[in-house]
Amino acid sequence: MPSTQNPLVAFQMRNGVTPEFFTYNPRRIPRYVSKRGSAIELGAEAFVTLGGLQLSDAPVRLEFREVLDKKDMLLSGIPSGTDELILESGGQFYLQATQDNRALELVPRVRIGLASRSPARLSRLTDMRLFSVKGPLLPDPFTWQLSTDQQSTVQLGIRLTPDSPDYLLAVLNHELFNQSMGWVSYQRQLYTGTATTTLQVTVDAAAQDPQQTLVYLVFADYNAVAQFHATGPNSFSLANVPTGTEATVVVLRGAGGKFYLGQQTVIIQAGQRFSPVLTEMSETSVVAELSKF
C-alpha cells in the first residue's frame with residue numbers, strides 16, 4: 001500500500017471515489033444496491049477465511065467502490081489502461097469482504113453477480129471483456145490484465161426493468177474474485193486494427209522523485225484514461241496509443257504542499273513529444289479541472 005505521505009496518494013484518498021460499506025448476513029441471499037445504482041448479489045454462506053475455515057459469528061463487512069467515468073479515474077488514480085493495454089472502460093469495481101479486519105475468500109460453489117449501468121460516455125457496449133488487477137497504484141501504474149477464468153462472464157445491454165437503462169452484468173467466479181486483489185473491470189481494447197505510436201512527456205519541474213508526478217492521456221471520444229510510466233525523474237512514456245484520435249495529456253504534480261496541473265489537447269500523431277506548462281493551483285481548483293472530463 002503506497003504511503004499516504006505521498007501528496008498524490010493523499011490527494012486520491014481525499015478526492016477519489018468514496019467506498020460504500022454493507023453488512024453481509026451469511027444466512028441469507030442478499031442483494032445490495034450502491035448509491036450510483038450498481039447491484040451486487042451474493043449467495044448464502046459465500047465466504048470462508050483465507051485458510052478455508054468457516055466464519056465466526058462476528059459481522060462480515062463488504063467494501064465496494066465503483067470507478068465509472070474519466071473523472072473517477074483521474075481523481076482516484078485508477079486509469080483504464082497503461083501502455084500494456086490501452087482500454088476503454090465499462091466500469092471498474094472493488095469488492096472486498098472482511099471479518100475482524102481480515103480478508104475473506106469466496107467459496108467455489110458461490111458466484112457474485114454485479115450489475116452496473118453503462119457509463120454515459122462509453123462509445124459502445126460491444127467487445128467488453130473481464131479484467132483483473134495486475135499492479136498497485138504507486139509507484140507503478142495501476143495495471144489491468146485479461147481474466148483467464150472461463151467461469152466468469154460479462155453480459156452486455158441487460159435491462160433490469162423494461163424502462164431501465166442498459167446494464168452490464170458480470171458473474172464472478174471464485175477464482176477471479178480470490179485472485180483479483182479485490183479489483184475487477186469490464187473493458188475493451190482501443191487499438192485493435194489501428195496504427196499505434198509511443199508518446200513522450202517531459203515535465204519541467206525540479207522534482208527528482210517521479211512519484212510526485214502523474215501523467216495521463218485522456219481520450220475525448222472514449223471512456224478511457226491511460227497512465228504514462230516514468231522513464232526518468234521528469235520523463236514519461238506511453239506506448240500503443242492509437243493514432244488519429246483526440247486526447248488530452250494531463251500532468252498532475254504535488255510537491256512542497258502545493259499542486260500543479262498542466263494540460264495539452266492534440267490529435268495523436270506518430271512519435272509526438274509533449275511538455276505541458278504547469279500552473280500552480282489549489283486542490284479545489286485541480287479537482288474542478290479534472291472533473292470537466
# chains A, B, ... in the order shown; residues from 1 in each chain; ligands from 1

call {"tool": "closest_atom_pairs", "arguments": {"of": "range 25-79 of chain A", "to": "range 221-237 of chain A", "cutoff": "8 Å", "atoms": "only C-alpha atoms", "output": "JSON lines"}}
result
{"residue": "A:Asp69", "atom": "CA", "partner": "A:Asn223", "partner_atom": "CA", "distance": 6.3}
{"residue": "A:Lys70", "atom": "CA", "partner": "A:Asn223", "partner_atom": "CA", "distance": 6.2}
{"residue": "A:Met73", "atom": "CA", "partner": "A:Val225", "partner_atom": "CA", "distance": 6.9}
{"residue": "A:Leu74", "atom": "CA", "partner": "A:Val225", "partner_atom": "CA", "distance": 7.6}
{"residue": "A:Pro79", "atom": "CA", "partner": "A:Val225", "partner_atom": "CA", "distance": 5.2}

call {"tool": "residues_around", "arguments": {"residues": "Ser185 in chain A", "least_positions_apart": "6", "cutoff": "6 Å", "atoms": "only C-alpha atoms", "output": "JSON list (two decimals) with N, CA, C and O atoms, in the first residue's frame"}}
result
[["chain", "number", "residue", "atom", "x", "y", "z"],
["A", 91, "GLY", "N", -16.58, 0.03, -16.65],
["A", 91, "GLY", "CA", -16.72, 0.08, -15.20],
["A", 91, "GLY", "C", -15.60, -0.69, -14.53],
["A", 91, "GLY", "O", -15.21, -1.77, -14.98],
["A", 92, "GLN", "N", -15.06, -0.11, -13.46],
["A", 92, "GLN", "CA", -14.01, -0.73, -12.66],
["A", 92, "GLN", "C", -14.50, -0.79, -11.21],
["A", 92, "GLN", "O", -14.97, 0.22, -10.68],
["A", 93, "PHE", "N", -14.35, -1.95, -10.59],
["A", 93, "PHE", "CA", -15.02, -2.17, -9.31],
["A", 93, "PHE", "C", -14.09, -2.84, -8.30],
["A", 93, "PHE", "O", -13.31, -3.72, -8.66],
["A", 130, "LEU", "N", -13.73, -9.24, -19.26],
["A", 130, "LEU", "CA", -13.40, -9.08, -17.85],
["A", 130, "LEU", "C", -11.89, -8.99, -17.64],
["A", 130, "LEU", "O", -11.11, -9.74, -18.26],
["A", 131, "PHE", "N", -11.49, -8.09, -16.75],
["A", 131, "PHE", "CA", -10.09, -7.91, -16.40],
["A", 131, "PHE", "C", -9.93, -7.94, -14.89],
["A", 131, "PHE", "O", -10.86, -7.58, -14.14]]

call {"tool": "residues_around", "arguments": {"residues": "range 187-195 of chain A", "least_positions_apart": "6", "cutoff": "6 Å", "atoms": "only C-alpha atoms", "output": "PyMOL selection string"}}
result
chain A and resi 86-90+127-129+242-243

call {"tool": "write_last_selection", "arguments": {"atoms": "C-alpha atoms", "output": "PDB file, in the first residue's frame"}}
result
ATOM      1  CA  ILE A  86      -4.998   0.815 -23.885  1.00  0.00           C
ATOM      2  CA  LEU A  87      -8.544   0.094 -22.726  1.00  0.00           C
ATOM      3  CA  GLU A  88     -11.974   1.710 -22.764  1.00  0.00           C
ATOM      4  CA  SER A  89     -13.801   1.041 -19.510  1.00  0.00           C
ATOM      5  CA  GLY A  90     -17.350  -0.114 -18.950  1.00  0.00           C
ATOM      6  CA  ASP A 127     -16.230  -6.301 -27.207  1.00  0.00           C
ATOM      7  CA  MET A 128     -16.234  -5.852 -23.415  1.00  0.00           C
ATOM      8  CA  ARG A 129     -14.228  -8.485 -21.506  1.00  0.00           C
ATOM      9  CA  PRO A 242      -3.929   4.700 -31.376  1.00  0.00           C
ATOM     10  CA  THR A 243      -3.178   7.477 -33.863  1.00  0.00           C
TER      11      THR A 243
END

call {"tool": "residues_around", "arguments": {"residues": "Ala39 in chain A", "least_positions_apart": "2", "cutoff": "9 Å", "atoms": "only C-alpha atoms", "output": "VMD selection string"}}
result
chain A and resid 31 to 34 37 41 113 to 116

call {"tool": "write_last_selection", "arguments": {"atoms": "N, CA, C and O atoms", "output": "short mmCIF file (atom, residue, chain, number, x, y, z; two decimals), in the first residue's frame"}}
result
data_model
loop_
_atom_site.label_atom_id
_atom_site.label_comp_id
_atom_site.auth_asym_id
_atom_site.auth_seq_id
_atom_site.Cartn_x
_atom_site.Cartn_y
_atom_site.Cartn_z
N ARG A 31 -28.98 -8.91 -1.60
CA ARG A 31 -28.78 -8.06 -2.78
C ARG A 31 -28.56 -6.64 -2.29
O ARG A 31 -29.37 -6.11 -1.54
N TYR A 32 -27.45 -6.06 -2.71
CA TYR A 32 -27.10 -4.70 -2.29
C TYR A 32 -27.15 -3.78 -3.50
O TYR A 32 -26.79 -4.18 -4.61
N VAL A 33 -27.57 -2.54 -3.29
CA VAL A 33 -27.60 -1.55 -4.36
C VAL A 33 -26.80 -0.34 -3.91
O VAL A 33 -27.03 0.20 -2.83
N SER A 34 -25.83 0.07 -4.73
CA SER A 34 -24.97 1.19 -4.38
C SER A 34 -25.68 2.51 -4.62
O SER A 34 -26.75 2.57 -5.25
N GLY A 37 -26.35 3.09 -8.21
CA GLY A 37 -27.26 2.20 -8.91
C GLY A 37 -26.73 0.83 -9.27
O GLY A 37 -27.45 0.04 -9.89
N GLU A 41 -25.18 -9.16 -5.99
CA GLU A 41 -25.92 -10.29 -5.48
C GLU A 41 -24.96 -11.40 -5.06
O GLU A 41 -24.01 -11.72 -5.78
N GLY A 113 -22.88 -11.82 -8.56
CA GLY A 113 -23.46 -11.09 -9.68
C GLY A 113 -23.29 -9.59 -9.45
O GLY A 113 -23.61 -9.08 -8.39
N LEU A 114 -22.76 -8.91 -10.44
CA LEU A 114 -22.53 -7.46 -10.35
C LEU A 114 -23.11 -6.79 -11.57
O LEU A 114 -22.62 -6.96 -12.69
N ALA A 115 -24.18 -6.04 -11.37
CA ALA A 115 -24.84 -5.33 -12.47
C ALA A 115 -24.61 -3.84 -12.29
O ALA A 115 -24.83 -3.29 -11.21
N SER A 116 -24.15 -3.18 -13.34
CA SER A 116 -23.88 -1.74 -13.26
C SER A 116 -24.38 -1.05 -14.51
O SER A 116 -24.43 -1.64 -15.60
#

call {"tool": "select_by_dssp", "arguments": {"residues": "range 62-268 of chain A", "states": "alpha helix (DSSP H)", "output": "list of chain:residue names"}}
result
A:Lys70, A:Lys71, A:Asp72, A:Met73, A:Leu74, A:Leu75, A:Ser76, A:His174, A:Glu175, A:Leu176, A:Phe177, A:Asn178, A:Gln179

call {"tool": "write_last_selection", "arguments": {"atoms": "N, CA and C atoms", "output": "PDB file, in the first residue's frame"}}
result
ATOM      1  N   LYS A  70     -14.348   9.077 -16.591  1.00  0.00           N
ATOM      2  CA  LYS A  70     -12.980   9.612 -16.642  1.00  0.00           C
ATOM      3  C   LYS A  70     -12.648  10.454 -15.420  1.00  0.00           C
ATOM      4  N   LYS A  71     -13.627  11.172 -14.916  1.00  0.00           N
ATOM      5  CA  LYS A  71     -13.405  11.952 -13.694  1.00  0.00           C
ATOM      6  C   LYS A  71     -13.027  11.025 -12.540  1.00  0.00           C
ATOM      7  N   ASP A  72     -13.756   9.931 -12.395  1.00  0.00           N
ATOM      8  CA  ASP A  72     -13.438   8.957 -11.343  1.00  0.00           C
ATOM      9  C   ASP A  72     -12.014   8.433 -11.496  1.00  0.00           C
ATOM     10  N   MET A  73     -11.643   8.093 -12.724  1.00  0.00           N
ATOM     11  CA  MET A  73     -10.312   7.532 -12.971  1.00  0.00           C
ATOM     12  C   MET A  73      -9.218   8.507 -12.583  1.00  0.00           C
ATOM     13  N   LEU A  74      -9.383   9.782 -12.962  1.00  0.00           N
ATOM     14  CA  LEU A  74      -8.350  10.777 -12.695  1.00  0.00           C
ATOM     15  C   LEU A  74      -8.245  11.110 -11.212  1.00  0.00           C
ATOM     16  N   LEU A  75      -9.375  11.301 -10.558  1.00  0.00           N
ATOM     17  CA  LEU A  75      -9.347  11.698  -9.154  1.00  0.00           C
ATOM     18  C   LEU A  75      -8.952  10.538  -8.240  1.00  0.00           C
ATOM     19  N   SER A  76      -9.203   9.305  -8.673  1.00  0.00           N
ATOM     20  CA  SER A  76      -8.881   8.142  -7.853  1.00  0.00           C
ATOM     21  C   SER A  76      -7.522   7.545  -8.197  1.00  0.00           C
ATOM     22  N   HIS A 174     -15.240 -17.859  -8.192  1.00  0.00           N
ATOM     23  CA  HIS A 174     -14.353 -17.741  -7.032  1.00  0.00           C
ATOM     24  C   HIS A 174     -12.896 -17.538  -7.434  1.00  0.00           C
ATOM     25  N   GLU A 175     -12.443 -18.132  -8.560  1.00  0.00           N
ATOM     26  CA  GLU A 175     -11.051 -17.988  -8.955  1.00  0.00           C
ATOM     27  C   GLU A 175     -10.707 -16.529  -9.272  1.00  0.00           C
ATOM     28  N   LEU A 176     -11.560 -15.863 -10.042  1.00  0.00           N
ATOM     29  CA  LEU A 176     -11.310 -14.464 -10.384  1.00  0.00           C
ATOM     30  C   LEU A 176     -11.383 -13.588  -9.137  1.00  0.00           C
ATOM     31  N   PHE A 177     -12.412 -13.777  -8.327  1.00  0.00           N
ATOM     32  CA  PHE A 177     -12.574 -12.943  -7.143  1.00  0.00           C
ATOM     33  C   PHE A 177     -11.398 -13.112  -6.183  1.00  0.00           C
ATOM     34  N   ASN A 178     -10.972 -14.335  -5.946  1.00  0.00           N
ATOM     35  CA  ASN A 178      -9.930 -14.590  -4.952  1.00  0.00           C
ATOM     36  C   ASN A 178      -8.544 -14.178  -5.415  1.00  0.00           C
ATOM     37  N   GLN A 179      -8.345 -14.035  -6.721  1.00  0.00           N
ATOM     38  CA  GLN A 179      -7.017 -13.695  -7.237  1.00  0.00           C
ATOM     39  C   GLN A 179      -6.916 -12.262  -7.739  1.00  0.00           C
TER      40      GLN A 179
END

call {"tool": "residues_around", "arguments": {"residues": "Leu62 in chain A", "least_positions_apart": "4", "cutoff": "12 Å", "atoms": "only C-alpha atoms", "output": "ChimeraX atom specification"}}
result
/A:19-26,30-32,34,40-42,46-47,94-105,182

call {"tool": "residues_around", "arguments": {"residues": "Val266 in chain A", "least_positions_apart": "5", "cutoff": "9 Å", "atoms": "only C-alpha atoms", "output": "number ranges by chain"}}
result
A: 245-249

call {"tool": "atom_distance", "arguments": {"atom1": "CA of Glu84 in chain A", "atom2": "CA of Leu261 in chain A"}}
result
25.3 Å

call {"tool": "atom_distance", "arguments": {"atom1": "CA of Lys35 in chain A", "atom2": "CA of Val154 in chain A"}}
result
21.8 Å

call {"tool": "closest_residue", "arguments": {"among": "A:Met181, A:Asp204, A:Arg61, A:Gly16", "to": "Ser291 in chain A", "atoms": "only C-alpha atoms"}}
result
A:Gly16

call {"tool": "closest_residue", "arguments": {"among": "A:Trp183, A:Pro119, A:Gln151, A:Arg109", "to": "Lys134 in chain A", "atoms": "only C-alpha atoms"}}
result
A:Trp183

call {"tool": "decode", "arguments": {"residues": "range 166-205 of chain A", "atoms": "N, CA and C atoms", "output": "PDB file, in the first residue's frame"}}
result
ATOM      1  N   ASP A 166     -29.454   0.585 -20.037  1.00  0.00           N
ATOM      2  CA  ASP A 166     -28.673  -0.627 -20.258  1.00  0.00           C
ATOM      3  C   ASP A 166     -27.730  -0.867 -19.083  1.00  0.00           C
ATOM      4  N   TYR A 167     -27.611  -2.132 -18.709  1.00  0.00           N
ATOM      5  CA  TYR A 167     -26.691  -2.537 -17.659  1.00  0.00           C
ATOM      6  C   TYR A 167     -25.660  -3.505 -18.237  1.00  0.00           C
ATOM      7  N   LEU A 168     -24.507  -3.538 -17.598  1.00  0.00           N
ATOM      8  CA  LEU A 168     -23.515  -4.576 -17.835  1.00  0.00           C
ATOM      9  C   LEU A 168     -23.585  -5.523 -16.647  1.00  0.00           C
ATOM     10  N   LEU A 169     -23.668  -6.823 -16.909  1.00  0.00           N
ATOM     11  CA  LEU A 169     -23.801  -7.805 -15.844  1.00  0.00           C
ATOM     12  C   LEU A 169     -22.583  -8.719 -15.841  1.00  0.00           C
ATOM     13  N   ALA A 170     -21.837  -8.711 -14.742  1.00  0.00           N
ATOM     14  CA  ALA A 170     -20.690  -9.604 -14.585  1.00  0.00           C
ATOM     15  C   ALA A 170     -21.050 -10.687 -13.580  1.00  0.00           C
ATOM     16  N   VAL A 171     -20.668 -11.908 -13.894  1.00  0.00           N
ATOM     17  CA  VAL A 171     -20.781 -13.025 -12.963  1.00  0.00           C
ATOM     18  C   VAL A 171     -19.367 -13.451 -12.611  1.00  0.00           C
ATOM     19  N   LEU A 172     -19.001 -13.288 -11.339  1.00  0.00           N
ATOM     20  CA  LEU A 172     -17.623 -13.503 -10.902  1.00  0.00           C
ATOM     21  C   LEU A 172     -17.500 -14.850 -10.211  1.00  0.00           C
ATOM     22  N   ASN A 173     -16.665 -15.708 -10.767  1.00  0.00           N
ATOM     23  CA  ASN A 173     -16.384 -16.998 -10.174  1.00  0.00           C
ATOM     24  C   ASN A 173     -15.372 -16.833  -9.029  1.00  0.00           C
ATOM     25  N   HIS A 174     -15.240 -17.859  -8.192  1.00  0.00           N
ATOM     26  CA  HIS A 174     -14.353 -17.741  -7.032  1.00  0.00           C
ATOM     27  C   HIS A 174     -12.896 -17.538  -7.434  1.00  0.00           C
ATOM     28  N   GLU A 175     -12.443 -18.132  -8.560  1.00  0.00           N
ATOM     29  CA  GLU A 175     -11.051 -17.988  -8.955  1.00  0.00           C
ATOM     30  C   GLU A 175     -10.707 -16.529  -9.272  1.00  0.00           C
ATOM     31  N   LEU A 176     -11.560 -15.863 -10.042  1.00  0.00           N
ATOM     32  CA  LEU A 176     -11.310 -14.464 -10.384  1.00  0.00           C
ATOM     33  C   LEU A 176     -11.383 -13.588  -9.137  1.00  0.00           C
ATOM     34  N   PHE A 177     -12.412 -13.777  -8.327  1.00  0.00           N
ATOM     35  CA  PHE A 177     -12.574 -12.943  -7.143  1.00  0.00           C
ATOM     36  C   PHE A 177     -11.398 -13.112  -6.183  1.00  0.00           C
ATOM     37  N   ASN A 178     -10.972 -14.335  -5.946  1.00  0.00           N
ATOM     38  CA  ASN A 178      -9.930 -14.590  -4.952  1.00  0.00           C
ATOM     39  C   ASN A 178      -8.544 -14.178  -5.415  1.00  0.00           C
ATOM     40  N   GLN A 179      -8.345 -14.035  -6.721  1.00  0.00           N
ATOM     41  CA  GLN A 179      -7.017 -13.695  -7.237  1.00  0.00           C
ATOM     42  C   GLN A 179      -6.916 -12.262  -7.739  1.00  0.00           C
ATOM     43  N   SER A 180      -7.966 -11.476  -7.584  1.00  0.00           N
ATOM     44  CA  SER A 180      -8.011 -10.172  -8.243  1.00  0.00           C
ATOM     45  C   SER A 180      -7.596  -9.002  -7.365  1.00  0.00           C
ATOM     46  N   MET A 181      -7.143  -9.251  -6.118  1.00  0.00           N
ATOM     47  CA  MET A 181      -6.813  -8.176  -5.190  1.00  0.00           C
ATOM     48  C   MET A 181      -8.021  -7.285  -4.932  1.00  0.00           C
ATOM     49  N   GLY A 182      -9.222  -7.810  -5.166  1.00  0.00           N
ATOM     50  CA  GLY A 182     -10.439  -7.057  -4.917  1.00  0.00           C
ATOM     51  C   GLY A 182     -10.955  -6.283  -6.109  1.00  0.00           C
ATOM     52  N   TRP A 183     -10.105  -6.080  -7.140  1.00  0.00           N
ATOM     53  CA  TRP A 183     -10.482  -5.240  -8.289  1.00  0.00           C
ATOM     54  C   TRP A 183     -10.830  -6.093  -9.505  1.00  0.00           C
ATOM     55  N   VAL A 184     -11.942  -5.763 -10.154  1.00  0.00           N
ATOM     56  CA  VAL A 184     -12.315  -6.347 -11.440  1.00  0.00           C
ATOM     57  C   VAL A 184     -12.859  -5.229 -12.319  1.00  0.00           C
ATOM     58  N   SER A 185     -12.873  -5.463 -13.618  1.00  0.00           N
ATOM     59  CA  SER A 185     -13.404  -4.448 -14.538  1.00  0.00           C
ATOM     60  C   SER A 185     -13.885  -5.125 -15.809  1.00  0.00           C
ATOM     61  N   TYR A 186     -14.790  -4.428 -16.544  1.00  0.00           N
ATOM     62  CA  TYR A 186     -15.080  -4.848 -17.898  1.00  0.00           C
ATOM     63  C   TYR A 186     -14.664  -3.726 -18.839  1.00  0.00           C
ATOM     64  N   GLN A 187     -13.821  -4.120 -19.807  1.00  0.00           N
ATOM     65  CA  GLN A 187     -13.179  -3.142 -20.673  1.00  0.00           C
ATOM     66  C   GLN A 187     -12.937  -3.755 -22.045  1.00  0.00           C
ATOM     67  N   ARG A 188     -12.554  -2.886 -22.990  1.00  0.00           N
ATOM     68  CA  ARG A 188     -12.232  -3.377 -24.332  1.00  0.00           C
ATOM     69  C   ARG A 188     -11.003  -2.645 -24.852  1.00  0.00           C
ATOM     70  N   GLN A 189     -10.247  -3.336 -25.693  1.00  0.00           N
ATOM     71  CA  GLN A 189      -9.057  -2.733 -26.275  1.00  0.00           C
ATOM     72  C   GLN A 189      -9.448  -1.690 -27.314  1.00  0.00           C
ATOM     73  N   LEU A 190      -8.700  -0.561 -27.305  1.00  0.00           N
ATOM     74  CA  LEU A 190      -8.991   0.526 -28.237  1.00  0.00           C
ATOM     75  C   LEU A 190      -8.277   0.376 -29.571  1.00  0.00           C
ATOM     76  N   TYR A 191      -7.119  -0.237 -29.589  1.00  0.00           N
ATOM     77  CA  TYR A 191      -6.253  -0.109 -30.766  1.00  0.00           C
ATOM     78  C   TYR A 191      -6.273  -1.321 -31.686  1.00  0.00           C
ATOM     79  N   THR A 192      -7.229  -2.216 -31.561  1.00  0.00           N
ATOM     80  CA  THR A 192      -7.290  -3.374 -32.440  1.00  0.00           C
ATOM     81  C   THR A 192      -7.442  -2.925 -33.895  1.00  0.00           C
ATOM     82  N   GLY A 193      -6.485  -3.284 -34.727  1.00  0.00           N
ATOM     83  CA  GLY A 193      -6.536  -2.940 -36.144  1.00  0.00           C
ATOM     84  C   GLY A 193      -6.213  -1.501 -36.473  1.00  0.00           C
ATOM     85  N   THR A 194      -5.685  -0.737 -35.500  1.00  0.00           N
ATOM     86  CA  THR A 194      -5.372   0.674 -35.700  1.00  0.00           C
ATOM     87  C   THR A 194      -3.879   0.901 -35.533  1.00  0.00           C
ATOM     88  N   ALA A 195      -3.301   1.803 -36.345  1.00  0.00           N
ATOM     89  CA  ALA A 195      -1.888   2.145 -36.178  1.00  0.00           C
ATOM     90  C   ALA A 195      -1.675   2.788 -34.813  1.00  0.00           C
ATOM     91  N   THR A 196      -0.568   2.423 -34.160  1.00  0.00           N
ATOM     92  CA  THR A 196      -0.284   2.948 -32.823  1.00  0.00           C
ATOM     93  C   THR A 196       1.084   3.611 -32.784  1.00  0.00           C
ATOM     94  N   THR A 197       1.310   4.371 -31.725  1.00  0.00           N
ATOM     95  CA  THR A 197       2.573   5.073 -31.567  1.00  0.00           C
ATOM     96  C   THR A 197       2.938   5.160 -30.087  1.00  0.00           C
ATOM     97  N   THR A 198       4.154   5.629 -29.815  1.00  0.00           N
ATOM     98  CA  THR A 198       4.616   5.861 -28.450  1.00  0.00           C
ATOM     99  C   THR A 198       4.743   7.361 -28.221  1.00  0.00           C
ATOM    100  N   LEU A 199       4.147   7.851 -27.136  1.00  0.00           N
ATOM    101  CA  LEU A 199       4.204   9.272 -26.787  1.00  0.00           C
ATOM    102  C   LEU A 199       5.194   9.497 -25.654  1.00  0.00           C
ATOM    103  N   GLN A 200       5.847  10.654 -25.675  1.00  0.00           N
ATOM    104  CA  GLN A 200       6.807  11.030 -24.640  1.00  0.00           C
ATOM    105  C   GLN A 200       6.378  12.353 -24.014  1.00  0.00           C
ATOM    106  N   VAL A 201       6.500  12.450 -22.686  1.00  0.00           N
ATOM    107  CA  VAL A 201       6.178  13.680 -21.969  1.00  0.00           C
ATOM    108  C   VAL A 201       7.357  14.052 -21.081  1.00  0.00           C
ATOM    109  N   THR A 202       7.765  15.313 -21.166  1.00  0.00           N
ATOM    110  CA  THR A 202       8.792  15.858 -20.277  1.00  0.00           C
ATOM    111  C   THR A 202       8.135  16.899 -19.378  1.00  0.00           C
ATOM    112  N   VAL A 203       8.370  16.774 -18.067  1.00  0.00           N
ATOM    113  CA  VAL A 203       7.786  17.693 -17.093  1.00  0.00           C
ATOM    114  C   VAL A 203       8.855  18.675 -16.647  1.00  0.00           C
ATOM    115  N   ASP A 204       8.594  19.950 -16.841  1.00  0.00           N
ATOM    116  CA  ASP A 204       9.540  20.996 -16.462  1.00  0.00           C
ATOM    117  C   ASP A 204       9.367  21.286 -14.975  1.00  0.00           C
ATOM    118  N   ALA A 205      10.096  20.540 -14.147  1.00  0.00           N
ATOM    119  CA  ALA A 205       9.968  20.677 -12.691  1.00  0.00           C
ATOM    120  C   ALA A 205      11.280  20.280 -12.034  1.00  0.00           C
TER     121      ALA A 205
END
